[in-house]
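These notes concern the structure reproduced below.
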Amino acid sequence: MDIKSRHHLRSDAVSEIRDALADRLGVDLDGESFELVELTDSPFDLVLVDGDPDVLYYESDGDREPFLTVRGANDHPPERGVVTVDAGAVSFVSDGADVMRPGITEADDSIADGDLVAVAEETHGKVLGVGRALVDGAEMAGDSGKVVKSLHHVGDDLYEFSV
């Protein structure tokens, strides 16, 4: 992943990120320095918070939507917007597979179809991936079907990114 440009965000852009993450995930993102990194070969723009790649801008219907990276979600654990998977799903999710109903042990009922979600493992609560919900949270658990489209996961280029 190559850096196309890099610059500090204005205070209004920082406030938008903080407000969006607080509203959607219940995360209080504290930091002194917020820096936008535009990548040449990625559908995402990255935000460094005090030098750590904690936030991504995801494209959604032409809008840019801030959300935590996997590393950001593990550093700032979300209270909402989380889908929890069992031990059998961990290796698949960690490899970037979409999340299937049989692997889900719990899903936040406030999740709506199309929302960005953090996918965590049930034993330690560590976030393994970020994806887009394909159904509402209340409909996620079950016997069959894909319910979360994987966008970013442990070990991918974005996870390994460093400045």
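Starting from 1 in every chain, residues are counted up; chains themselves are A, B, ... following the order of the structure tokens, and ligands are numbered from 1 as listed.
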Which neighbours of Leu68 (chain A) fall inside 12 Å, counting only C-alpha atoms, when residues of the same chain fewer than 6 positions from it are skipped, and could you give them as a PyMOL selection string? chain A and resi 17-18+20-22+24-29+44-49+52-58+74-78+81-82+116-119+127-131+151-153+158-159
Pull N, CA and C atoms from the residues just selected and write them as a CSV table (one decimal), in the first residue's frame.
chain,number,residue,atom,x,y,z
A,17,ILE,N,-15.6,12.7,13.1
A,17,ILE,CA,-15.1,11.4,13.3
A,17,ILE,C,-15.5,11.0,14.7
A,18,ARG,N,-15.1,11.8,15.7
A,18,ARG,CA,-15.4,11.5,17.1
A,18,ARG,C,-16.9,11.3,17.3
A,20,ALA,N,-19.3,10.5,15.1
A,20,ALA,CA,-19.8,9.3,14.4
A,20,ALA,C,-19.5,8.1,15.2
A,21,LEU,N,-18.2,7.9,15.7
A,21,LEU,CA,-17.8,6.7,16.4
A,21,LEU,C,-18.5,6.7,17.8
A,22,ALA,N,-18.8,7.8,18.4
A,22,ALA,CA,-19.5,7.8,19.7
A,22,ALA,C,-20.9,7.4,19.4
A,24,ARG,N,-22.3,5.7,16.8
A,24,ARG,CA,-22.5,4.3,16.2
A,24,ARG,C,-21.9,3.2,17.1
A,25,LEU,N,-20.8,3.5,17.8
A,25,LEU,CA,-20.1,2.4,18.5
A,25,LEU,C,-20.0,2.6,20.0
A,26,GLY,N,-20.3,3.8,20.5
A,26,GLY,CA,-20.1,4.1,21.9
A,26,GLY,C,-18.7,4.2,22.2
A,27,VAL,N,-17.8,4.6,21.3
A,27,VAL,CA,-16.4,4.8,21.5
A,27,VAL,C,-16.0,6.2,21.7
A,28,ASP,N,-15.3,6.5,22.7
A,28,ASP,CA,-14.7,7.9,22.9
A,28,ASP,C,-13.3,7.9,22.4
A,29,LEU,N,-13.1,8.4,21.2
A,29,LEU,CA,-11.8,8.4,20.6
A,29,LEU,C,-11.1,9.6,21.0
A,44,PHE,N,-10.0,2.5,0.7
A,44,PHE,CA,-10.2,3.2,2.0
A,44,PHE,C,-9.2,4.3,2.1
A,45,ASP,N,-9.6,5.3,2.9
A,45,ASP,CA,-8.7,6.3,3.4
A,45,ASP,C,-8.5,6.1,4.8
A,46,LEU,N,-7.3,6.2,5.3
A,46,LEU,CA,-6.9,5.9,6.7
A,46,LEU,C,-6.7,7.1,7.5
A,47,VAL,N,-7.1,7.1,8.8
A,47,VAL,CA,-6.9,8.2,9.7
A,47,VAL,C,-5.9,7.7,10.8
A,48,LEU,N,-4.8,8.4,10.9
A,48,LEU,CA,-3.9,8.0,12.0
A,48,LEU,C,-4.3,8.9,13.2
A,49,VAL,N,-4.5,8.2,14.4
A,49,VAL,CA,-4.8,8.9,15.6
A,49,VAL,C,-3.5,8.8,16.5
A,52,ASP,N,-1.3,6.1,15.2
A,52,ASP,CA,-1.8,4.8,15.0
A,52,ASP,C,-2.9,4.7,14.0
A,53,PRO,N,-2.9,3.7,13.1
A,53,PRO,CA,-4.0,3.6,12.1
A,53,PRO,C,-5.3,3.1,12.7
A,54,ASP,N,-6.0,4.0,13.4
A,54,ASP,CA,-7.2,3.6,14.2
A,54,ASP,C,-8.6,3.7,13.4
A,55,VAL,N,-8.6,4.6,12.4
A,55,VAL,CA,-9.9,4.9,11.7
A,55,VAL,C,-9.7,4.8,10.2
A,56,LEU,N,-10.8,4.2,9.6
A,56,LEU,CA,-10.9,4.2,8.1
A,56,LEU,C,-12.1,4.9,7.7
A,57,TYR,N,-12.0,5.5,6.5
A,57,TYR,CA,-13.2,6.0,5.8
A,57,TYR,C,-13.6,5.0,4.8
A,58,TYR,N,-14.8,4.4,5.0
A,58,TYR,CA,-15.4,3.5,4.0
A,58,TYR,C,-16.3,4.2,3.1
A,74,ASN,N,-9.6,-2.9,18.6
A,74,ASN,CA,-9.0,-3.6,19.7
A,74,ASN,C,-8.4,-2.6,20.7
A,75,ASP,N,-7.9,-1.4,20.2
A,75,ASP,CA,-7.4,-0.4,21.1
A,75,ASP,C,-8.5,0.4,21.8
A,76,HIS,N,-9.7,0.5,21.1
A,76,HIS,CA,-10.8,1.3,21.6
A,76,HIS,C,-12.1,0.4,21.4
A,77,PRO,N,-12.3,-0.6,22.3
A,77,PRO,CA,-13.3,-1.6,22.1
A,77,PRO,C,-14.7,-0.9,22.0
A,78,PRO,N,-15.4,-1.3,20.9
A,78,PRO,CA,-16.8,-0.7,20.7
A,78,PRO,C,-17.8,-1.4,21.7
A,81,GLY,N,-22.6,-2.2,17.8
A,81,GLY,CA,-22.2,-2.5,16.5
A,81,GLY,C,-21.3,-3.7,16.4
A,82,VAL,N,-21.4,-4.7,17.3
A,82,VAL,CA,-20.5,-5.8,17.4
A,82,VAL,C,-21.2,-7.1,17.1
A,116,LEU,N,-21.9,-0.8,9.1
A,116,LEU,CA,-20.6,-1.4,9.3
A,116,LEU,C,-20.6,-2.0,10.7
A,117,VAL,N,-19.9,-3.1,10.8
A,117,VAL,CA,-19.9,-3.8,12.1
A,117,VAL,C,-18.5,-4.3,12.4
A,118,ALA,N,-18.2,-4.5,13.7
A,118,ALA,CA,-16.9,-5.1,14.1
A,118,ALA,C,-17.3,-6.5,14.4
A,119,VAL,N,-16.4,-7.4,14.0
A,119,VAL,CA,-16.6,-8.9,14.2
A,119,VAL,C,-15.6,-9.3,15.2
A,127,VAL,N,-11.4,-8.1,18.3
A,127,VAL,CA,-12.0,-7.9,17.0
A,127,VAL,C,-11.1,-8.5,16.0
A,128,LEU,N,-11.7,-9.3,15.1
A,128,LEU,CA,-11.0,-10.0,14.0
A,128,LEU,C,-11.2,-9.4,12.7
A,129,GLY,N,-12.2,-8.6,12.5
A,129,GLY,CA,-12.5,-8.1,11.2
A,129,GLY,C,-13.6,-7.0,11.3
A,130,VAL,N,-13.7,-6.3,10.2
A,130,VAL,CA,-14.8,-5.3,10.0
A,130,VAL,C,-15.5,-5.6,8.7
A,131,GLY,N,-16.8,-5.5,8.8
A,131,GLY,CA,-17.6,-5.9,7.6
A,131,GLY,C,-18.9,-5.0,7.6
A,151,LEU,N,-14.8,-6.7,5.0
A,151,LEU,CA,-14.1,-5.6,4.3
A,151,LEU,C,-12.6,-5.5,4.7
A,152,HIS,N,-12.3,-5.8,5.9
A,152,HIS,CA,-11.0,-5.7,6.5
A,152,HIS,C,-10.8,-6.7,7.6
A,153,HIS,N,-9.7,-7.3,7.7
A,153,HIS,CA,-9.5,-8.4,8.7
A,153,HIS,C,-8.0,-8.4,9.2
A,158,LEU,N,-4.0,-3.8,5.1
A,158,LEU,CA,-4.4,-2.6,5.9
A,158,LEU,C,-4.0,-2.9,7.4
A,159,TYR,N,-4.2,-4.1,7.9
A,159,TYR,CA,-3.9,-4.4,9.3
A,159,TYR,C,-2.3,-4.3,9.5
Would you please give, as an MDAnalysis selection string, all residues of chain A that DSSP assigns to strand (DSSP E) based on the backbone? chainID A and resid 3:8 34:39 45:49 52:60 63:68 82:85 99:100 104:107 116:121 127:133 146:153
Per DSSP on the backbone, what are the alpha helix (DSSP H) residues of chain A, as a PyMOL selection string? chain A and resi 11-25+70-75+87-94+157-160
I'd like the neighbourhood of Asp108 (chain A) as an mmCIF file with N, CA and C atoms, in the first residue's frame, where a residue qualifies if any of its atoms comes within 10 Å (using only C-alpha atoms), though same-chain residues fewer than 6 positions away should be ignored.
data_model
loop_
_atom_site.group_PDB
_atom_site.id
_atom_site.type_symbol
_atom_site.label_atom_id
_atom_site.label_comp_id
_atom_site.auth_asym_id
_atom_site.auth_seq_id
_atom_site.Cartn_x
_atom_site.Cartn_y
_atom_site.Cartn_z
ATOM 1 N N GLU A 79 -18.764 -0.572 22.107
ATOM 2 C CA GLU A 79 -19.834 -1.048 22.977
ATOM 3 C C GLU A 79 -21.047 -1.497 22.165
ATOM 4 N N ARG A 80 -21.172 -0.987 20.944
ATOM 5 C CA ARG A 80 -22.299 -1.322 20.065
ATOM 6 C C ARG A 80 -21.759 -1.674 18.680
ATOM 7 N N GLY A 81 -22.622 -2.238 17.844
ATOM 8 C CA GLY A 81 -22.236 -2.543 16.473
ATOM 9 C C GLY A 81 -21.295 -3.725 16.365
ATOM 10 N N VAL A 82 -21.391 -4.655 17.329
ATOM 11 C CA VAL A 82 -20.483 -5.805 17.360
ATOM 12 C C VAL A 82 -21.249 -7.090 17.065
ATOM 13 N N VAL A 83 -20.629 -7.930 16.232
ATOM 14 C CA VAL A 83 -21.114 -9.274 15.951
ATOM 15 C C VAL A 83 -20.073 -10.222 16.533
ATOM 16 N N THR A 84 -20.513 -11.155 17.389
ATOM 17 C CA THR A 84 -19.593 -12.082 18.056
ATOM 18 C C THR A 84 -19.696 -13.451 17.415
ATOM 19 N N VAL A 117 -19.926 -3.118 10.846
ATOM 20 C CA VAL A 117 -19.885 -3.823 12.124
ATOM 21 C C VAL A 117 -18.471 -4.302 12.420
ATOM 22 N N ASP A 136 -30.363 -7.328 9.462
ATOM 23 C CA ASP A 136 -30.446 -6.672 10.767
ATOM 24 C C ASP A 136 -29.824 -7.568 11.839
ATOM 25 N N GLY A 137 -29.345 -6.965 12.929
ATOM 26 C CA GLY A 137 -28.716 -7.703 14.009
ATOM 27 C C GLY A 137 -29.585 -8.806 14.591
ATOM 28 N N ALA A 138 -30.873 -8.549 14.740
ATOM 29 C CA ALA A 138 -31.786 -9.534 15.314
ATOM 30 C C ALA A 138 -31.944 -10.769 14.430
ATOM 31 N N MET A 140 -29.338 -12.138 12.613
ATOM 32 C CA MET A 140 -28.023 -12.692 12.277
ATOM 33 C C MET A 140 -27.825 -14.141 12.694
#
Surrounding residues of Met1 (chain A) excluding itself and chain neighbours under 5 positions, 12 Å, only C-alpha atoms, as a VMD selection string: chain A and resid 37 to 46 156 to 163
Nearest to Asp143 (chain A): which of A:Met100, A:Glu106, A:Val93, A:Gly125 is it, counting only C-alpha atoms?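 For Asp143 (chain A), the nearest of the candidates is A:Met100.
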